[in-house]
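Enquirer: There's a structure below that I have some questions on.
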Amino acid sequence: MTQKQQIENRGGLSEKRIVVLGGSSGIGLSVAQQAVAQGATAIIASSNADRVKQAVATLDGKAEGHALDVSNERDIQNFFQRIGDFDHLVFTAGDTLQLNVLEATDLTKARHAFELRYWAALAAVKYASPHIRKDGSIVLTTGVAGRRPHKGWIVAASVCGTIEALTRALAVELAPIRVNAVSPGVVRTNLWQSMSADEREHLYESVGKALPVGRVGEPYDIAQAYLFLMQEGFSTGQTVVVDGGTVLV
C-alpha cells in the first residue's frame with residue numbers, strides 16, 4: 001500500500017461511525033458536529049432523552065441518538081451489542097463538578113462522581129472495544145485539575161488523575177486499538193451548572209483574564225483535539241492538554 005493510500009484509509013472521518021457518550025451537549029456534541037461535517041456518522045448517547053433528540057436535530061440527518069444511563073453496566077453492554085461495529089469511541093459523559101474543601105466533602109457524592117467519570121468510562125471501553133474496527137480508537141476525557149489542582153478540587157483532581165492512568169493502561173491492554181485522552185481547562189459547558197449564572201460569568205472572566213490566550217475555552221476549541229486523536233493514527237496512551245495555558249500561570 002502506498003503512503004497516499006495509507007493516508008486516505010487512515011486520515012479522514014468520511015464514512016466512519018463515531019460513538020459519542022455524553023454527546024447531547026457541550027464538548028461531546030461539538031465533537032459529533034465536527035465529525036459529521038467531515039463526512040462521519042455520529043451515534044450519540046446521553047441520559048436525557050429530550051436533549052438527545054434536540055442534539056440529533058443539529059446533525060444534518062447523519063446521526064442517531066439513544067437515551068442511555070452510563071452508570072448502568074447492563075445498559076452499556078446492551079447498547080454496544082445493539083449498535084454493532086464502529087470506528088471511534090469518544091467518552092465525554094459526566095455531571096457537574098464536585099468542588100469543596102475536604103471537611104465539607106460529601107463522600108457519597110464523591111463516589112457518585114467516580115461512578116460517572118471512571119467506572120462508566122471503564123464499562124464503556126470494556127463493552128465497546130470488541131466492536132471497534134481496525135485502525136479505530138478510543139478518546140476519554142480528563143481535566144487539568146489532575147495536574148494543577150486548586151484548593152477544594154480534591155474529588156475533581158482525583159478523578160482526572162485516575163483517567164490519565166486508565167488511559168495509559170488501556171493503551172497497553174487494547175493495542176493495537178489506540179487509547180488517548182483530552183484534558184480541557186475551563187470551558188463554557190454545563191459542567192459549571194451548579195454555580196449561579198453570575199458566579200459562572202465571574203469564573204469565566206477571572207480565569208480567562210489570567211490565561212495567556214485571554215479567554216476560557218469553548219466546546220468547539222476542545223472538540224478539535226478529539227478529532228485530531230481519532231485521525232492521526234500514531235498516538236496512544238497520551239493525554240492532550242487543551243487548557244489555554246493554565247499550566248503556565
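Labeling convention for the C-alpha cells: chains A, B, ... as they appear, residues from 1 per chain, ligands from 1 in order of appearance.
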Using only C-alpha atoms, find each residue of stretch 60-164 of chain A with at least one atom at most 9 Å away from an atom of stretch 171-192 of chain A; report its shortest atom-to-atom pair and that distance in Å (one decimal), sort the rows by chain and rising residue number, and return the result as a tab-separated table.
Expert:
residue	atom	partner	partner_atom	distance
A:Gly94	CA	A:Leu191	CA	8.0
A:Asp95	CA	A:Leu191	CA	6.4
A:Thr96	CA	A:Leu191	CA	4.4
A:Leu97	CA	A:Leu191	CA	6.1
A:Ser129	CA	A:Leu174	CA	7.8
A:Ile132	CA	A:Ile177	CA	7.9
A:Arg133	CA	A:Ile177	CA	8.6
A:Lys134	CA	A:Ile177	CA	7.5
A:Asp135	CA	A:Ile177	CA	6.7
A:Gly136	CA	A:Ile177	CA	6.0
A:Ser137	CA	A:Arg178	CA	4.7
A:Ile138	CA	A:Val179	CA	4.7
A:Val139	CA	A:Asn180	CA	4.9
A:Leu140	CA	A:Ala181	CA	4.4
A:Thr141	CA	A:Val182	CA	5.1
A:Thr142	CA	A:Ser183	CA	4.8
A:Gly143	CA	A:Ser183	CA	4.1
A:Val144	CA	A:Gly185	CA	5.5
A:Ala145	CA	A:Gly185	CA	8.0
A:Cys160	CA	A:Ser183	CA	8.3
A:Ile163	CA	A:Ala181	CA	8.0
A:Glu164	CA	A:Ala181	CA	7.1
Enquirer: Export all heavy atoms of the chosen residues as a short mmCIF file (atom, residue, chain, number, x, y, z; two decimals), in the first residue's frame?
Expert:
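Output below, filename again.cif:
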data_model
loop_
_atom_site.label_atom_id
_atom_site.label_comp_id
_atom_site.auth_asym_id
_atom_site.auth_seq_id
_atom_site.Cartn_x
_atom_site.Cartn_y
_atom_site.Cartn_z
N GLY A 94 -20.51 12.99 32.00
CA GLY A 94 -20.20 13.37 33.38
C GLY A 94 -21.16 14.43 33.87
O GLY A 94 -21.78 15.14 33.06
N ASP A 95 -21.29 14.53 35.18
CA ASP A 95 -22.19 15.54 35.74
C ASP A 95 -21.37 16.75 36.18
O ASP A 95 -20.18 16.86 35.88
CB ASP A 95 -23.00 14.98 36.90
CG ASP A 95 -22.11 14.47 38.04
OD1 ASP A 95 -20.86 14.47 37.86
OD2 ASP A 95 -22.65 14.07 39.08
N THR A 96 -22.02 17.68 36.87
CA THR A 96 -21.32 18.89 37.32
C THR A 96 -20.21 18.52 38.30
O THR A 96 -20.29 17.52 39.02
CB THR A 96 -22.30 19.86 38.01
OG1 THR A 96 -22.96 19.16 39.07
CG2 THR A 96 -23.34 20.37 37.03
N LEU A 97 -19.18 19.33 38.33
CA LEU A 97 -18.02 19.05 39.18
C LEU A 97 -18.37 19.15 40.66
O LEU A 97 -19.14 20.02 41.08
CB LEU A 97 -16.90 20.05 38.87
CG LEU A 97 -16.19 19.88 37.53
CD1 LEU A 97 -15.21 21.02 37.33
CD2 LEU A 97 -15.48 18.55 37.45
N SER A 129 -14.94 -2.09 23.05
CA SER A 129 -13.71 -2.46 22.35
C SER A 129 -13.86 -3.65 21.40
O SER A 129 -13.23 -3.64 20.33
CB SER A 129 -12.57 -2.71 23.36
OG SER A 129 -12.94 -3.64 24.34
N ILE A 132 -14.90 -2.27 17.91
CA ILE A 132 -14.14 -1.21 17.24
C ILE A 132 -13.35 -1.80 16.06
O ILE A 132 -12.61 -2.78 16.22
CB ILE A 132 -13.21 -0.50 18.22
CG1 ILE A 132 -14.05 0.24 19.27
CG2 ILE A 132 -12.30 0.49 17.49
CD1 ILE A 132 -13.23 0.93 20.35
N ARG A 133 -13.52 -1.22 14.91
CA ARG A 133 -12.89 -1.73 13.69
C ARG A 133 -11.39 -1.46 13.68
O ARG A 133 -10.87 -0.64 14.45
CB ARG A 133 -13.54 -1.07 12.47
CG ARG A 133 -15.00 -1.45 12.27
CD ARG A 133 -15.63 -0.60 11.20
NE ARG A 133 -17.04 -0.93 10.96
CZ ARG A 133 -17.94 -0.09 10.53
NH1 ARG A 133 -17.61 1.18 10.30
NH2 ARG A 133 -19.19 -0.46 10.34
N LYS A 134 -10.71 -2.13 12.76
CA LYS A 134 -9.27 -1.94 12.56
C LYS A 134 -8.96 -0.46 12.34
O LYS A 134 -9.68 0.23 11.63
CB LYS A 134 -8.81 -2.76 11.36
CG LYS A 134 -7.31 -2.74 11.13
CD LYS A 134 -6.96 -3.64 9.95
CE LYS A 134 -5.46 -3.72 9.73
NZ LYS A 134 -4.86 -2.42 9.34
N ASP A 135 -7.89 0.01 12.94
CA ASP A 135 -7.45 1.40 12.88
C ASP A 135 -8.37 2.34 13.67
O ASP A 135 -8.27 3.56 13.55
CB ASP A 135 -7.32 1.92 11.44
CG ASP A 135 -6.22 1.18 10.67
OD1 ASP A 135 -5.24 0.76 11.31
OD2 ASP A 135 -6.36 1.04 9.44
N GLY A 136 -9.25 1.78 14.49
CA GLY A 136 -10.12 2.60 15.31
C GLY A 136 -9.45 3.08 16.58
O GLY A 136 -8.29 2.75 16.86
N SER A 137 -10.19 3.86 17.38
CA SER A 137 -9.58 4.44 18.57
C SER A 137 -10.62 4.75 19.63
O SER A 137 -11.83 4.70 19.39
CB SER A 137 -8.82 5.73 18.22
OG SER A 137 -9.74 6.79 17.95
N ILE A 138 -10.13 5.06 20.82
CA ILE A 138 -10.93 5.49 21.95
C ILE A 138 -10.33 6.78 22.48
O ILE A 138 -9.10 6.88 22.62
CB ILE A 138 -10.91 4.42 23.07
CG1 ILE A 138 -11.55 3.12 22.57
CG2 ILE A 138 -11.61 4.93 24.33
CD1 ILE A 138 -11.24 1.92 23.45
N VAL A 139 -11.18 7.77 22.74
CA VAL A 139 -10.70 9.02 23.33
C VAL A 139 -11.53 9.30 24.59
O VAL A 139 -12.75 9.49 24.52
CB VAL A 139 -10.81 10.22 22.38
CG1 VAL A 139 -10.09 11.43 22.98
CG2 VAL A 139 -10.21 9.89 21.01
N LEU A 140 -10.87 9.31 25.73
CA LEU A 140 -11.51 9.59 27.01
C LEU A 140 -11.36 11.06 27.36
O LEU A 140 -10.70 11.82 26.65
CB LEU A 140 -10.89 8.70 28.10
CG LEU A 140 -10.94 7.19 27.84
CD1 LEU A 140 -10.26 6.44 28.99
CD2 LEU A 140 -12.37 6.71 27.65
N THR A 141 -11.95 11.45 28.49
CA THR A 141 -11.90 12.85 28.90
C THR A 141 -11.44 12.95 30.35
O THR A 141 -11.98 12.29 31.24
CB THR A 141 -13.30 13.50 28.78
OG1 THR A 141 -13.75 13.35 27.43
CG2 THR A 141 -13.24 14.97 29.13
N THR A 142 -10.44 13.78 30.57
CA THR A 142 -9.95 14.06 31.91
C THR A 142 -10.04 15.57 32.13
O THR A 142 -11.01 16.20 31.70
CB THR A 142 -8.53 13.48 32.10
OG1 THR A 142 -8.05 13.84 33.39
CG2 THR A 142 -7.57 13.93 31.03
N GLY A 143 -9.08 16.20 32.78
CA GLY A 143 -9.12 17.64 33.00
C GLY A 143 -7.86 18.10 33.70
O GLY A 143 -7.15 17.31 34.33
N VAL A 144 -7.58 19.38 33.61
CA VAL A 144 -6.33 19.91 34.17
C VAL A 144 -6.31 19.88 35.69
O VAL A 144 -5.25 20.07 36.29
CB VAL A 144 -6.05 21.34 33.67
CG1 VAL A 144 -5.78 21.35 32.19
CG2 VAL A 144 -7.16 22.29 34.04
N ALA A 145 -7.45 19.62 36.33
CA ALA A 145 -7.48 19.53 37.79
C ALA A 145 -6.51 18.46 38.29
O ALA A 145 -5.95 18.59 39.38
CB ALA A 145 -8.89 19.22 38.28
N CYS A 160 -9.62 13.05 37.65
CA CYS A 160 -8.82 13.36 36.45
C CYS A 160 -7.52 12.56 36.44
O CYS A 160 -7.11 12.03 35.40
CB CYS A 160 -8.53 14.86 36.40
SG CYS A 160 -10.00 15.87 36.06
N ILE A 163 -8.23 8.96 35.44
CA ILE A 163 -8.50 8.77 34.00
C ILE A 163 -7.20 8.79 33.20
O ILE A 163 -7.04 8.03 32.23
CB ILE A 163 -9.48 9.84 33.49
CG1 ILE A 163 -10.86 9.64 34.13
CG2 ILE A 163 -9.60 9.77 31.97
CD1 ILE A 163 -11.51 8.30 33.82
N GLU A 164 -6.25 9.63 33.58
CA GLU A 164 -4.96 9.63 32.87
C GLU A 164 -4.27 8.28 33.03
O GLU A 164 -3.72 7.73 32.06
CB GLU A 164 -4.08 10.77 33.37
CG GLU A 164 -4.56 12.14 32.94
CD GLU A 164 -3.44 13.18 32.96
OE1 GLU A 164 -2.28 12.82 32.67
OE2 GLU A 164 -3.73 14.35 33.27
#
Enquirer: Report the closest atom pair, with its distance in Å rounded to one decimal, for each residue of stretch 123-152 of chain A that has an atom no farther than 12 Å from stretch 53-70 of chain A; count only C-alpha atoms, sort by chain and then rising residue number, and write it as CSV.
Expert:
residue,atom,partner,partner_atom,distance
A:Ala123,CA,A:Val70,CA,8.4
A:Ala124,CA,A:Val70,CA,7.8
A:Val125,CA,A:Val70,CA,11.5
A:Tyr127,CA,A:Val70,CA,11.8
Enquirer: Would you mind listing, for every residue of stretch 199-244 of chain A within 7 Å of stretch 22-34 of chain A, the two atoms forming the shortest contact and the distance between them in Å to one decimal, using only C-alpha atoms, sorted by chain and ascending residue number, as JSON lines?
Expert:
{"residue": "A:Pro219", "atom": "CA", "partner": "A:Ile27", "partner_atom": "CA", "distance": 4.5}
{"residue": "A:Tyr220", "atom": "CA", "partner": "A:Ser30", "partner_atom": "CA", "distance": 5.7}
{"residue": "A:Ile222", "atom": "CA", "partner": "A:Ile27", "partner_atom": "CA", "distance": 6.7}
{"residue": "A:Ala223", "atom": "CA", "partner": "A:Val31", "partner_atom": "CA", "distance": 4.8}
{"residue": "A:Tyr226", "atom": "CA", "partner": "A:Val31", "partner_atom": "CA", "distance": 6.9}
Enquirer: So which bits of stretch 21-227 of chain A end up strand (DSSP E) when you DSSP the backbone, as a PyMOL selection string?
Expert: chain A and resi 21+41-46+63-67+86-91+132-141+178-184
Enquirer: Could you write out the selected residues, including N, CA and C atoms, as a short mmCIF file (atom, residue, chain, number, x, y, z; two decimals), in the first residue's frame?
Expert:
data_model
loop_
_atom_site.label_atom_id
_atom_site.label_comp_id
_atom_site.auth_asym_id
_atom_site.auth_seq_id
_atom_site.Cartn_x
_atom_site.Cartn_y
_atom_site.Cartn_z
N LEU A 21 -20.42 9.14 23.79
CA LEU A 21 -21.19 9.02 25.03
C LEU A 21 -21.07 10.34 25.78
N THR A 41 -20.68 9.51 10.41
CA THR A 41 -21.99 9.31 11.03
C THR A 41 -21.79 9.27 12.53
N ALA A 42 -22.56 10.03 13.26
CA ALA A 42 -22.42 10.08 14.71
C ALA A 42 -23.52 9.28 15.38
N ILE A 43 -23.16 8.58 16.42
CA ILE A 43 -24.11 7.88 17.27
C ILE A 43 -23.94 8.48 18.66
N ILE A 44 -24.89 9.29 19.08
CA ILE A 44 -24.74 9.97 20.36
C ILE A 44 -25.66 9.34 21.39
N ALA A 45 -25.18 9.29 22.62
CA ALA A 45 -25.96 8.71 23.71
C ALA A 45 -25.76 9.55 24.95
N SER A 46 -26.85 9.76 25.67
CA SER A 46 -26.84 10.54 26.89
C SER A 46 -28.05 10.16 27.71
N ALA A 63 -26.94 11.33 11.99
CA ALA A 63 -26.71 10.88 13.35
C ALA A 63 -27.92 10.09 13.84
N GLU A 64 -27.67 9.25 14.81
CA GLU A 64 -28.74 8.60 15.54
C GLU A 64 -28.50 8.86 17.03
N GLY A 65 -29.58 8.89 17.79
CA GLY A 65 -29.45 9.19 19.20
C GLY A 65 -30.09 8.12 20.07
N HIS A 66 -29.52 7.93 21.26
CA HIS A 66 -30.02 6.93 22.20
C HIS A 66 -30.01 7.50 23.60
N ALA A 67 -31.06 7.26 24.36
CA ALA A 67 -31.05 7.58 25.78
C ALA A 67 -30.35 6.43 26.49
N PHE A 86 -18.18 -0.17 14.84
CA PHE A 86 -17.97 1.24 14.58
C PHE A 86 -16.47 1.53 14.62
N ASP A 87 -16.11 2.79 14.42
CA ASP A 87 -14.69 3.13 14.26
C ASP A 87 -14.05 3.81 15.47
N HIS A 88 -14.75 4.75 16.07
CA HIS A 88 -14.15 5.51 17.18
C HIS A 88 -15.15 5.70 18.31
N LEU A 89 -14.64 5.59 19.54
CA LEU A 89 -15.44 5.86 20.73
C LEU A 89 -14.92 7.11 21.41
N VAL A 90 -15.81 8.04 21.72
CA VAL A 90 -15.48 9.24 22.48
C VAL A 90 -16.32 9.24 23.75
N PHE A 91 -15.68 9.40 24.89
CA PHE A 91 -16.40 9.42 26.16
C PHE A 91 -16.25 10.81 26.79
N ILE A 132 -14.90 -2.27 17.91
CA ILE A 132 -14.14 -1.21 17.24
C ILE A 132 -13.35 -1.80 16.06
N ARG A 133 -13.52 -1.22 14.91
CA ARG A 133 -12.89 -1.73 13.69
C ARG A 133 -11.39 -1.46 13.68
N LYS A 134 -10.71 -2.13 12.76
CA LYS A 134 -9.27 -1.94 12.56
C LYS A 134 -8.96 -0.46 12.34
N ASP A 135 -7.89 0.01 12.94
CA ASP A 135 -7.45 1.40 12.88
C ASP A 135 -8.37 2.34 13.67
N GLY A 136 -9.25 1.78 14.49
CA GLY A 136 -10.12 2.60 15.31
C GLY A 136 -9.45 3.08 16.58
N SER A 137 -10.19 3.86 17.38
CA SER A 137 -9.58 4.44 18.57
C SER A 137 -10.62 4.75 19.63
N ILE A 138 -10.13 5.06 20.82
CA ILE A 138 -10.93 5.49 21.95
C ILE A 138 -10.33 6.78 22.48
N VAL A 139 -11.18 7.77 22.74
CA VAL A 139 -10.70 9.02 23.33
C VAL A 139 -11.53 9.30 24.59
N LEU A 140 -10.87 9.31 25.73
CA LEU A 140 -11.51 9.59 27.01
C LEU A 140 -11.36 11.06 27.36
N THR A 141 -11.95 11.45 28.49
CA THR A 141 -11.90 12.85 28.90
C THR A 141 -11.44 12.95 30.35
N ARG A 178 -5.98 2.26 19.56
CA ARG A 178 -5.34 3.39 20.22
C ARG A 178 -6.28 3.98 21.28
N VAL A 179 -5.71 4.31 22.43
CA VAL A 179 -6.49 4.89 23.53
C VAL A 179 -5.78 6.15 24.00
N ASN A 180 -6.47 7.28 23.92
CA ASN A 180 -5.91 8.56 24.34
C ASN A 180 -6.96 9.32 25.16
N ALA A 181 -6.56 10.46 25.67
CA ALA A 181 -7.48 11.30 26.43
C ALA A 181 -7.24 12.76 26.10
N VAL A 182 -8.27 13.57 26.30
CA VAL A 182 -8.16 15.02 26.17
C VAL A 182 -8.37 15.62 27.56
N SER A 183 -7.53 16.59 27.89
CA SER A 183 -7.60 17.26 29.19
C SER A 183 -7.91 18.73 28.99
N PRO A 184 -9.19 19.10 29.06
CA PRO A 184 -9.56 20.52 28.89
C PRO A 184 -9.26 21.33 30.15
#
Enquirer: What does the distance between atom CA of A:Val207 and atom CA of A:Val101 come to in Å, to one decimal place?
Expert: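 Separation between atom CA of A:Val207 and atom CA of A:Val101: 19.7 Å.
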Enquirer: Would you list the contacts of A:Val155 as a CSV table (one decimal) with C-alpha atoms, in the first residue's frame, taking every protein, DNA or RNA residue within 12 Å and counting only C-alpha atoms, but skipping same-chain residues closer than 4 positions in sequence?
Expert:
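Everything below was put into out-v7.csv:
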chain,number,residue,atom,x,y,z
A,96,THR,CA,-21.3,18.9,37.3
A,97,LEU,CA,-18.0,19.1,39.2
A,98,GLN,CA,-17.9,18.3,42.9
A,99,LEU,CA,-15.9,21.2,44.3
A,100,ASN,CA,-15.4,21.5,48.0
A,101,VAL,CA,-12.8,21.7,50.7
A,102,LEU,CA,-12.0,18.3,52.4
A,104,ALA,CA,-17.2,19.8,53.6
A,105,THR,CA,-16.8,16.9,51.0
A,106,ASP,CA,-19.8,14.6,50.8
A,107,LEU,CA,-18.2,11.2,50.2
A,108,THR,CA,-21.5,9.8,48.8
A,109,LYS,CA,-21.4,12.5,46.1
A,110,ALA,CA,-17.7,11.9,45.6
A,111,ARG,CA,-18.3,8.2,45.0
A,112,HIS,CA,-21.0,9.1,42.5
A,113,ALA,CA,-18.5,11.3,40.6
A,114,PHE,CA,-16.3,8.3,40.2
A,117,ARG,CA,-16.5,9.6,35.3
A,118,TYR,CA,-14.4,6.5,35.9
A,143,GLY,CA,-9.1,17.6,33.0
A,145,ALA,CA,-7.5,19.5,37.8
A,146,GLY,CA,-5.4,16.3,37.9
A,149,PRO,CA,-5.4,21.2,41.4
A,150,HIS,CA,-6.7,24.2,43.4
A,151,LYS,CA,-8.0,24.2,47.0
A,159,VAL,CA,-11.0,11.6,39.1
A,160,CYS,CA,-8.8,13.4,36.5
A,161,GLY,CA,-5.6,11.7,37.7
A,162,THR,CA,-7.3,8.3,37.6
Enquirer: Quick one: everything within 12 Å of A:Leu211, counting only C-alpha atoms, minus sequence neighbours fewer than 5 positions away in the same chain. Send it as a list in words.
Expert: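 My list of contacting residues is Gly185, Val186, Tyr204, Glu205, Ser206, Val216, Gly217, Asp243, Gly244, Gly245, Thr246, Val247, Leu248 and Val249 of chain A.
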Enquirer: Could you pull the residues within 10 Å of A:Gly84, counting only C-alpha atoms, minus those fewer than 3 positions along the same chain, as number ranges by chain?
Expert: A: 79-81, 128, 130-132
